[in-house]
$ cat target_35.tsv   # TSV, C-alpha atoms
chain	number	residue	atom	x	y	z
A	932	MET	CA	66.40	36.02	133.68
A	933	GLN	CA	65.00	38.60	136.14
A	934	THR	CA	68.45	39.07	137.69
A	935	SER	CA	69.99	39.53	134.23
A	936	SER	CA	67.39	42.16	133.37
A	937	LYS	CA	67.98	44.07	136.62
A	938	SER	CA	71.75	44.05	136.12
A	939	GLY	CA	71.22	45.18	132.52
A	940	ILE	CA	69.19	48.16	133.71
A	941	PHE	CA	71.92	48.97	136.25
A	942	TYR	CA	74.62	48.86	133.53
A	943	ALA	CA	72.48	50.98	131.19
A	944	LEU	CA	71.84	53.58	133.88
A	945	THR	CA	75.55	53.66	134.71
A	946	ALA	CA	76.61	54.01	131.06
A	947	PHE	CA	74.23	56.81	130.15
A	948	THR	CA	74.71	58.65	133.45
A	949	LEU	CA	78.48	58.63	132.90
A	950	TRP	CA	77.96	59.96	129.37
A	951	ALA	CA	75.67	62.65	130.84
A	952	ILE	CA	78.30	63.92	133.28
A	953	ALA	CA	81.32	63.43	130.96
A	954	PRO	CA	81.21	67.14	129.96
A	955	ILE	CA	82.34	68.00	133.50
A	956	TYR	CA	85.66	66.29	132.77
A	957	PHE	CA	86.13	68.01	129.41
A	958	LYS	CA	85.15	71.35	130.95
A	959	GLU	CA	87.73	70.91	133.70
A	960	MET	CA	90.31	70.18	130.99
A	961	SER	CA	89.70	73.51	129.24
A	962	PHE	CA	93.33	74.51	129.89
A	963	VAL	CA	94.29	71.83	127.33
A	964	PRO	CA	93.44	72.37	123.61
A	965	ALA	CA	90.52	70.26	122.36
A	966	GLN	CA	92.62	68.51	119.70
A	967	GLU	CA	95.19	67.55	122.33
A	968	ILE	CA	92.51	66.03	124.58
A	969	LEU	CA	91.27	64.13	121.54
A	970	ALA	CA	94.79	62.81	120.95
A	971	HIS	CA	95.11	61.66	124.57
A	972	ARG	CA	91.63	60.13	124.39
A	973	VAL	CA	92.78	58.06	121.42
A	974	VAL	CA	96.09	56.98	122.97
A	975	TRP	CA	94.78	55.94	126.38
A	976	SER	CA	91.59	54.40	125.01
A	977	PHE	CA	93.67	52.28	122.63
A	978	ILE	CA	95.93	51.06	125.45
A	979	LEU	CA	92.97	50.25	127.73
A	980	VAL	CA	90.91	48.48	125.08
A	981	LEU	CA	93.95	46.46	123.97
A	982	ILE	CA	94.46	45.28	127.56
A	983	LEU	CA	90.76	44.36	127.77
A	984	ILE	CA	90.91	42.42	124.51
A	985	LEU	CA	93.88	40.41	125.76
A	986	LEU	CA	92.22	39.75	129.13
A	987	LEU	CA	88.87	38.80	127.58
A	988	ARG	CA	90.59	36.83	124.79
A	989	TYR	CA	88.95	38.75	121.95
A	990	THR	CA	92.03	38.37	119.78
A	991	ASP	CA	90.27	35.98	117.38
A	992	ALA	CA	87.63	38.63	116.64
A	993	LEU	CA	90.42	41.13	115.97
A	994	LYS	CA	92.13	38.73	113.54
A	995	THR	CA	88.82	38.11	111.74
A	996	VAL	CA	88.41	41.82	111.01
A	997	PHE	CA	91.93	42.10	109.58
A	998	ARG	CA	91.21	39.24	107.18
A	999	SER	CA	88.38	41.20	105.53
A	1000	ARG	CA	89.34	44.15	103.36
A	1001	LYS	CA	85.69	45.23	103.15
A	1002	THR	CA	85.34	45.29	106.93
A	1003	LEU	CA	88.58	47.23	107.32
A	1004	LEU	CA	87.41	49.87	104.83
A	1005	ALA	CA	84.13	50.19	106.72
A	1006	MET	CA	86.07	50.56	109.97
A	1007	LEU	CA	88.14	53.32	108.38
A	1008	VAL	CA	84.90	55.19	107.63
A	1009	SER	CA	83.61	54.64	111.17
A	1010	THR	CA	86.96	55.90	112.51
A	1011	LEU	CA	86.67	59.16	110.58
A	1012	LEU	CA	83.09	59.62	111.80
A	1013	ILE	CA	83.75	58.94	115.48
A	1014	GLY	CA	86.99	60.96	115.44
A	1015	PHE	CA	85.15	63.96	113.99
A	1016	ASN	CA	82.32	63.44	116.48
A	1017	TRP	CA	84.66	63.27	119.48
A	1018	GLY	CA	86.62	66.33	118.37
A	1019	THR	CA	83.47	68.39	117.76
A	1020	PHE	CA	81.99	67.39	121.12
A	1021	ILE	CA	85.13	68.29	123.09
A	1022	TRP	CA	85.42	71.63	121.28
A	1023	ALA	CA	81.72	72.39	121.90
A	1024	VAL	CA	82.00	71.70	125.64
A	1025	GLN	CA	85.16	73.77	126.02
A	1026	ASN	CA	83.68	76.69	124.07
A	1027	ASN	CA	80.42	76.97	126.03
A	1028	LYS	CA	78.35	75.23	123.35
A	1029	MET	CA	77.09	72.41	125.58
A	1030	LEU	CA	73.46	73.25	124.78
A	1031	SER	CA	74.23	72.72	121.10
A	1032	ALA	CA	75.88	69.39	121.93
A	1033	SER	CA	72.83	68.38	123.95
A	1034	LEU	CA	70.55	69.32	121.07
A	1035	GLY	CA	72.67	67.21	118.71
A	1036	TYR	CA	72.27	64.06	120.79
A	1037	TYR	CA	68.54	64.71	121.15
A	1038	ILE	CA	68.30	64.91	117.35
A	1039	ASN	CA	70.39	61.76	116.87
A	1040	PRO	CA	67.53	59.21	117.33
A	1041	LEU	CA	65.53	61.04	114.66
A	1042	ILE	CA	68.53	60.96	112.31
A	1043	SER	CA	68.78	57.22	112.98
A	1044	ILE	CA	65.12	56.81	111.96
A	1045	LEU	CA	65.81	58.57	108.65
A	1046	LEU	CA	68.92	56.48	108.02
A	1047	GLY	CA	66.95	53.31	108.74
A	1048	MET	CA	64.37	54.38	106.18
A	1049	ILE	CA	67.03	55.14	103.56
A	1050	PHE	CA	69.43	52.22	104.05
A	1051	PHE	CA	67.27	49.48	105.56
A	1052	GLN	CA	63.95	50.29	103.87
A	1053	ASP	CA	62.32	50.84	107.26
A	1054	LYS	CA	58.82	52.17	106.80
A	1055	LEU	CA	57.80	55.31	108.66
A	1056	ASP	CA	54.41	55.10	110.32
A	1057	LYS	CA	52.39	58.22	111.11
A	1058	VAL	CA	54.02	58.62	114.52
A	1059	ARG	CA	57.56	58.57	113.18
A	1060	LYS	CA	56.62	60.88	110.31
A	1061	ALA	CA	55.25	63.38	112.82
A	1062	ALA	CA	58.44	63.15	114.90
A	1063	VAL	CA	60.65	63.73	111.85
A	1064	VAL	CA	58.50	66.71	110.76
A	1065	LEU	CA	58.85	68.27	114.23
A	1066	CYS	CA	62.63	67.80	114.07
A	1067	PHE	CA	62.70	69.47	110.65
A	1068	CYS	CA	60.59	72.34	112.03
A	1069	ALA	CA	63.08	72.78	114.89
A	1070	VAL	CA	66.00	73.12	112.46
A	1071	VAL	CA	64.05	75.54	110.24
A	1072	PHE	CA	63.06	77.61	113.30
A	1073	GLU	CA	66.71	77.77	114.35
A	1074	VAL	CA	67.72	79.01	110.89
A	1075	ILE	CA	64.99	81.67	110.89
A	1076	GLN	CA	65.78	82.90	114.41
A	1077	PHE	CA	69.57	82.85	114.29
A	1078	GLY	CA	70.25	83.11	110.55
A	1079	SER	CA	72.34	79.94	110.38
A	1080	LEU	CA	72.06	76.20	110.70
A	1081	PRO	CA	72.73	74.68	114.15
A	1082	TRP	CA	76.00	73.28	112.81
A	1083	ILE	CA	77.37	71.79	116.02
A	1084	ALA	CA	74.13	69.94	116.78
A	1085	LEU	CA	73.79	68.69	113.19
A	1086	ILE	CA	77.44	67.58	112.97
A	1087	LEU	CA	77.16	65.61	116.21
A	1088	ALA	CA	73.81	64.06	115.25
A	1089	VAL	CA	74.78	63.19	111.68
A	1090	THR	CA	78.27	61.84	112.43
A	1091	PHE	CA	77.02	59.69	115.29
A	1092	GLY	CA	74.01	58.58	113.28
A	1093	PHE	CA	76.16	57.46	110.34
A	1094	TYR	CA	78.66	55.94	112.78
A	1095	GLY	CA	75.89	53.78	114.20
A	1096	LEU	CA	74.82	52.87	110.66
A	1097	VAL	CA	78.31	51.75	109.63
A	1098	ARG	CA	78.84	49.78	112.84
A	1099	LYS	CA	75.44	48.09	112.40
A	1100	LYS	CA	76.34	47.00	108.87
A	1101	VAL	CA	79.80	45.78	109.91
A	1102	ALA	CA	78.52	44.03	113.06
A	1103	VAL	CA	81.86	44.17	114.92
A	1104	ASP	CA	81.68	43.98	118.72
A	1105	SER	CA	82.30	47.14	120.77
A	1106	PHE	CA	85.77	46.28	122.08
A	1107	THR	CA	87.15	45.03	118.77
A	1108	GLY	CA	85.70	48.01	116.92
A	1109	MET	CA	87.09	50.49	119.43
A	1110	ALA	CA	90.52	48.84	119.26
A	1111	ILE	CA	90.61	49.15	115.47
A	1112	GLU	CA	89.25	52.70	115.41
A	1113	THR	CA	91.64	54.02	118.05
A	1114	GLY	CA	94.44	51.99	116.43
A	1115	ILE	CA	93.84	53.76	113.11
A	1116	MET	CA	93.86	57.16	114.84
A	1117	LEU	CA	96.83	56.29	117.07
A	1118	PRO	CA	99.70	57.31	114.67
A	1119	PHE	CA	98.05	60.68	114.01
A	1120	ALA	CA	97.46	61.24	117.73
A	1121	LEU	CA	101.09	60.43	118.57
A	1122	LEU	CA	102.42	62.65	115.78
A	1123	TYR	CA	100.26	65.51	117.03
A	1124	LEU	CA	101.51	65.09	120.60
A	1125	ILE	CA	105.13	64.91	119.42
A	1126	TRP	CA	104.96	68.02	117.25
A	1127	SER	CA	102.40	70.08	119.19
A	1128	PRO	CA	103.68	73.38	120.66
A	1129	SER	CA	101.18	73.01	123.53
A	1130	ALA	CA	102.73	73.19	127.00
A	1131	THR	CA	100.93	70.01	128.12
A	1132	ALA	CA	101.56	67.87	125.02
A	1133	ASN	CA	104.77	66.35	126.43
A	1134	ILE	CA	103.79	64.20	129.42
A	1135	PHE	CA	107.40	64.23	130.69
A	1136	ASP	CA	107.13	67.98	131.27
A	1137	ASN	CA	103.79	67.81	133.08
A	1138	SER	CA	103.01	67.48	136.75
A	1139	ALA	CA	101.64	64.14	137.96
A	1140	HIS	CA	98.25	65.79	138.49
A	1141	VAL	CA	98.00	66.97	134.87
A	1142	ASN	CA	99.13	63.58	133.55
A	1143	TRP	CA	96.51	61.76	135.61
A	1144	LEU	CA	93.86	64.09	134.21
A	1145	LEU	CA	95.07	63.39	130.66
A	1146	PHE	CA	95.14	59.64	131.31
A	1147	ALA	CA	91.55	59.88	132.57
A	1148	ALA	CA	90.46	60.56	128.98
A	1149	GLY	CA	90.83	56.79	128.45
A	1150	PRO	CA	88.57	55.61	131.31
A	1151	VAL	CA	86.09	58.42	130.56
A	1152	THR	CA	85.74	56.84	127.11
A	1153	MET	CA	85.98	53.14	127.99
A	1154	VAL	CA	84.04	52.70	131.26
A	1155	PRO	CA	80.64	53.84	129.92
A	1156	LEU	CA	81.29	51.87	126.73
A	1157	MET	CA	81.91	48.69	128.74
A	1158	CYS	CA	78.75	49.29	130.78
A	1159	PHE	CA	76.79	49.88	127.58
A	1160	ALA	CA	78.11	46.64	126.08
A	1161	ALA	CA	77.12	44.77	129.26
A	1162	ALA	CA	73.66	46.34	129.18
A	1163	ALA	CA	73.14	45.50	125.50
A	1164	ASN	CA	73.70	41.82	126.31
A	1165	ARG	CA	71.08	41.85	129.09
A	1166	VAL	CA	68.21	44.08	127.99
A	1167	SER	CA	66.41	44.73	124.71
A	1168	MET	CA	67.33	47.55	122.33
A	1169	VAL	CA	63.89	49.05	123.01
A	1170	THR	CA	64.74	49.32	126.71
A	1171	LEU	CA	68.16	50.80	125.87
A	1172	GLY	CA	66.40	53.32	123.66
A	1173	PHE	CA	64.60	54.81	126.67
A	1174	PHE	CA	67.88	55.30	128.52
A	1175	GLN	CA	69.64	57.11	125.66
A	1176	TYR	CA	67.93	60.40	126.54
A	1177	ILE	CA	69.71	60.53	129.91
A	1178	GLY	CA	72.90	61.75	128.18
A	1179	PRO	CA	71.59	64.86	126.41
A	1180	THR	CA	69.29	65.66	129.35
A	1181	GLY	CA	72.26	65.65	131.70
A	1182	MET	CA	74.18	67.89	129.32
A	1183	PHE	CA	71.22	70.27	129.11
A	1184	PHE	CA	71.00	70.66	132.90
A	1185	LEU	CA	74.77	71.01	133.25
A	1186	ALA	CA	74.84	73.71	130.58
A	1187	VAL	CA	71.97	75.73	132.05
A	1188	PHE	CA	72.34	75.27	135.81
A	1189	LEU	CA	76.06	74.60	136.35
A	1190	TYR	CA	77.82	76.47	133.54
A	1191	ASP	CA	75.24	79.25	133.02
A	1192	GLU	CA	74.99	78.96	129.26
A	1193	PRO	CA	72.30	81.40	128.05
A	1194	LEU	CA	68.98	79.72	127.23
A	1195	SER	CA	67.01	82.26	125.23
A	1196	PRO	CA	63.26	81.78	124.58
A	1197	GLU	CA	64.11	81.09	120.93
A	1198	LYS	CA	66.65	78.39	121.86
A	1199	LEU	CA	64.16	76.89	124.31
A	1200	THR	CA	61.58	76.72	121.52
A	1201	THR	CA	63.98	74.62	119.47
A	1202	PHE	CA	64.39	72.22	122.38
A	1203	VAL	CA	60.61	72.07	122.96
A	1204	LEU	CA	60.07	71.04	119.35
A	1205	ILE	CA	62.70	68.29	119.66
A	1206	TRP	CA	61.37	67.18	123.04
A	1207	SER	CA	57.87	66.98	121.54
A	1208	ALA	CA	59.16	64.75	118.75
A	1209	LEU	CA	60.91	62.47	121.24
A	1210	ALA	CA	57.85	62.39	123.52
A	1211	ILE	CA	55.76	61.16	120.60
A	1212	LEU	CA	58.28	58.38	119.90
A	1213	ILE	CA	58.51	57.36	123.57
A	1214	LEU	CA	54.73	57.28	124.09
A	1215	ASP	CA	54.31	55.26	120.90
A	1216	SER	CA	56.98	52.79	122.04
A	1217	VAL	CA	55.28	52.41	125.43
A	1218	ARG	CA	51.92	51.84	123.70
A	1219	LYS	CA	53.41	49.14	121.46
A	1220	ILE	CA	55.12	47.41	124.40
A	1221	ARG	CA	51.85	47.32	126.35
A	1222	LYS	CA	49.98	46.08	123.31
A	1223	ASN	CA	52.49	43.26	122.77
A	1224	ARG	CA	52.36	42.26	126.43
A	1225	ALA	CA	48.56	42.20	126.36
A	1226	LYS	CA	48.64	40.06	123.21
A	1227	GLN	CA	51.14	37.65	124.76
A	1228	ALA	CA	49.00	37.37	127.91
A	1229	LEU	CA	45.91	36.71	125.79
A	1230	ASP	CA	47.73	34.04	123.78
A	1231	LYS	CA	48.81	32.30	127.00
A	1232	ASN	CA	45.23	32.29	128.31
A	1233	VAL	CA	43.98	30.84	125.03
A	1234	LEU	CA	46.59	28.06	125.19
A	1235	ARG	CA	45.46	27.20	128.71

$ encode --input "target_35.tsv" --output "structure tokens"
Amino acid sequence: MQTSSKSGIFYALTAFTLWAIAPIYFKEMSFVPAQEILAHRVVWSFILVLILILLLRYTDALKTVFRSRKTLLAMLVSTLLIGFNWGTFIWAVQNNKMLSASLGYYINPLISILLGMIFFQDKLDKVRKAAVVLCFCAVVFEVIQFGSLPWIALILAVTFGFYGLVRKKVAVDSFTGMAIETGIMLPFALLYLIWSPSATANIFDNSAHVNWLLFAAGPVTMVPLMCFAAAANRVSMVTLGFFQYIGPTGMFFLAVFLYDEPLSPEKLTTFVLIWSALAILILDSVRKIRKNRAKQALDKNVLR
């Protein structure tokens, strides 16, 4: 059990660290249009996940999904959400909006809390209410300071939040879900690559170096996903929740210290408000974990 937990933490760290540094790849691919990278991401991810499904013998799970019209419709919705999320993220990174992308993934847990309240009747305690209020204040502050909503951050947070909601309701495993989602997007991706006027769209006209970079869009997508799936089977969702902030934190540092995106005092204030909300949630989670452990220890002593 201890070994399983340690390996789970290793897989979680690997997954979220890879997601944190993924913008480096998309930044290096700035010579390729964002929509073309998205198309290659779909094509190569589909091929890789299909190979994995065959190797891991997940074909029965794939057949089960195709037997349910309701599940397929839900997967169509999740496909639209994740496709829009991927495209927005790639565009944001390539157009020096990595800070906005980071902000979006910081906001995402708070969006998930709201969705849980709306769709699963989750009750908000005082701590979660305070966190949501701080998030709302951050968005309002952004509107007042810059005269517009932080669209990129909100699009990323909302699309990924609803994506998680749909996937939770459907309860399809990661590999099967990714195979179906990329499979739905595959015809559109191939049509784009066939008809695109981009100089790099036709792989037969590219150098081997460029093609390897385009192919890397598949592993960049699939490797952290596989590590995440392995971690989810070994550690609790509460533990995974603590690791999820590695991604946006990595993006934040990359944006500020590697790519020199301007961090104005006003923009920093927005982040401070979001960080404060997340700090409240984290401290509350730690308090509850300690309280549960103390209760379990007390119960054991009573039984003795």

$ atom_distance --input "target_35.tsv" --atom1 "atom CA of Ile1211 of chain A" --atom2 "atom CA of Ala1084 of chain A"
20.7 Å

$ residues_around --input "target_35.tsv" --residues "segment 1126-1128 of chain A" --least-positions-apart "6" --cutoff "12 Å" --atoms "all atoms listed in the file" --output "number ranges by chain"
A: 963-964, 966-968, 970, 1119-1120, 1134

$ residues_around --input "target_35.tsv" --residues "Glu1197 of chain A" --least-positions-apart "3" --cutoff "10 Å" --atoms "only C-alpha atoms" --output "PDB file with C-alpha atoms, in the coordinates of the input"
ATOM      1  CA  PHE A1072      63.060  77.610 113.300  1.00  0.00           C
ATOM      2  CA  GLU A1073      66.710  77.770 114.350  1.00  0.00           C
ATOM      3  CA  GLN A1076      65.780  82.900 114.410  1.00  0.00           C
ATOM      4  CA  PHE A1077      69.570  82.850 114.290  1.00  0.00           C
ATOM      5  CA  LEU A1194      68.980  79.720 127.230  1.00  0.00           C
ATOM      6  CA  THR A1200      61.580  76.720 121.520  1.00  0.00           C
ATOM      7  CA  THR A1201      63.980  74.620 119.470  1.00  0.00           C
ATOM      8  CA  PHE A1202      64.390  72.220 122.380  1.00  0.00           C
ATOM      9  CA  VAL A1203      60.610  72.070 122.960  1.00  0.00           C
TER      10      VAL A1203
END

$ closest_atom_pairs --input "target_35.tsv" --of "segment 1073-1168 of chain A" --to "segment 1178-1183 of chain A" --cutoff "12 Å" --atoms "only C-alpha atoms" --output "Markdown table"
| residue | atom | partner | partner_atom | distance |
| --- | --- | --- | --- | --- |
| A:Ala1084 | CA | A:Pro1179 | CA | 11.2 |
| A:Leu1087 | CA | A:Pro1179 | CA | 11.6 |
| A:Ala1088 | CA | A:Pro1179 | CA | 11.4 |
| A:Pro1155 | CA | A:Gly1178 | CA | 11.2 |

$ atom_distance --input "target_35.tsv" --atom1 "atom CA of Phe1159 of chain A" --atom2 "atom CA of Pro954 of chain A"
18.0 Å

$ decode --input "target_35.tsv" --residues "segment 957-969 of chain A" --atoms "all heavy atoms" --output "compact mmCIF listing (two decimals), in the first residue's frame"
# COMPACT_ATOMS: atom_id res chain seq x y z
N PHE A 957 4.82 24.29 -27.19
CA PHE A 957 3.93 25.08 -28.05
C PHE A 957 4.56 26.42 -28.43
O PHE A 957 4.30 26.95 -29.51
CB PHE A 957 2.58 25.29 -27.37
CG PHE A 957 1.81 24.01 -27.18
CD1 PHE A 957 1.59 23.48 -25.91
CD2 PHE A 957 1.32 23.31 -28.27
CE1 PHE A 957 0.90 22.30 -25.74
CE2 PHE A 957 0.63 22.12 -28.12
CZ PHE A 957 0.43 21.61 -26.85
N LYS A 958 5.39 26.96 -27.53
CA LYS A 958 6.09 28.21 -27.83
C LYS A 958 7.13 27.98 -28.94
O LYS A 958 7.28 28.81 -29.85
CB LYS A 958 6.79 28.72 -26.56
CG LYS A 958 7.11 30.19 -26.60
CD LYS A 958 5.88 31.04 -26.36
CE LYS A 958 6.22 32.49 -26.18
NZ LYS A 958 5.02 33.32 -25.99
N GLU A 959 7.84 26.85 -28.84
CA GLU A 959 8.84 26.53 -29.85
C GLU A 959 8.20 26.26 -31.21
O GLU A 959 8.85 26.38 -32.25
CB GLU A 959 9.64 25.29 -29.42
CG GLU A 959 10.58 25.54 -28.24
CD GLU A 959 11.61 26.61 -28.54
OE1 GLU A 959 12.26 26.53 -29.60
OE2 GLU A 959 11.76 27.54 -27.72
N MET A 960 6.92 25.90 -31.20
CA MET A 960 6.20 25.60 -32.44
C MET A 960 5.45 26.82 -32.98
O MET A 960 4.52 26.69 -33.78
CB MET A 960 5.20 24.46 -32.20
CG MET A 960 5.85 23.13 -31.85
SD MET A 960 6.87 22.48 -33.18
CE MET A 960 5.62 22.06 -34.39
N SER A 961 5.87 28.01 -32.55
CA SER A 961 5.17 29.24 -32.97
C SER A 961 5.23 29.49 -34.47
O SER A 961 4.45 30.28 -35.01
CB SER A 961 5.75 30.45 -32.23
OG SER A 961 5.45 30.37 -30.85
N PHE A 962 6.17 28.83 -35.17
CA PHE A 962 6.24 28.99 -36.63
C PHE A 962 5.13 28.22 -37.34
O PHE A 962 4.95 28.35 -38.56
CB PHE A 962 7.61 28.53 -37.15
CG PHE A 962 7.91 27.06 -36.95
CD1 PHE A 962 7.59 26.14 -37.93
CD2 PHE A 962 8.47 26.62 -35.77
CE1 PHE A 962 7.86 24.78 -37.76
CE2 PHE A 962 8.75 25.27 -35.58
CZ PHE A 962 8.44 24.35 -36.57
N VAL A 963 4.36 27.43 -36.58
CA VAL A 963 3.23 26.68 -37.13
C VAL A 963 1.95 27.29 -36.57
O VAL A 963 1.86 27.55 -35.36
CB VAL A 963 3.30 25.18 -36.73
CG1 VAL A 963 2.11 24.42 -37.28
CG2 VAL A 963 4.60 24.57 -37.21
N PRO A 964 0.93 27.56 -37.40
CA PRO A 964 -0.33 28.13 -36.90
C PRO A 964 -0.95 27.28 -35.80
O PRO A 964 -0.84 26.05 -35.82
CB PRO A 964 -1.23 28.16 -38.15
CG PRO A 964 -0.28 28.16 -39.30
CD PRO A 964 0.90 27.35 -38.87
N ALA A 965 -1.61 27.95 -34.85
CA ALA A 965 -2.18 27.25 -33.70
C ALA A 965 -3.18 26.16 -34.11
O ALA A 965 -3.18 25.05 -33.57
CB ALA A 965 -2.87 28.26 -32.77
N GLN A 966 -4.02 26.47 -35.11
CA GLN A 966 -5.02 25.50 -35.55
C GLN A 966 -4.38 24.27 -36.20
O GLN A 966 -4.91 23.16 -36.13
CB GLN A 966 -6.05 26.14 -36.49
CG GLN A 966 -5.49 26.75 -37.76
CD GLN A 966 -5.12 28.21 -37.58
OE1 GLN A 966 -4.78 28.64 -36.48
NE2 GLN A 966 -5.20 28.97 -38.68
N GLU A 967 -3.21 24.49 -36.81
CA GLU A 967 -2.51 23.35 -37.42
C GLU A 967 -1.89 22.45 -36.34
O GLU A 967 -1.93 21.23 -36.45
CB GLU A 967 -1.42 23.85 -38.36
CG GLU A 967 -0.73 22.72 -39.13
CD GLU A 967 0.35 23.23 -40.07
OE1 GLU A 967 0.22 24.36 -40.57
OE2 GLU A 967 1.32 22.48 -40.29
N ILE A 968 -1.34 23.07 -35.30
CA ILE A 968 -0.81 22.28 -34.18
C ILE A 968 -1.93 21.48 -33.53
O ILE A 968 -1.77 20.32 -33.17
CB ILE A 968 -0.13 23.20 -33.14
CG1 ILE A 968 1.08 23.88 -33.75
CG2 ILE A 968 0.30 22.38 -31.91
CD1 ILE A 968 1.76 24.85 -32.81
N LEU A 969 -3.10 22.12 -33.39
CA LEU A 969 -4.26 21.43 -32.84
C LEU A 969 -4.61 20.22 -33.70
O LEU A 969 -4.89 19.13 -33.17
CB LEU A 969 -5.45 22.38 -32.75
CG LEU A 969 -6.78 21.78 -32.29
CD1 LEU A 969 -6.64 21.18 -30.88
CD2 LEU A 969 -7.89 22.82 -32.31
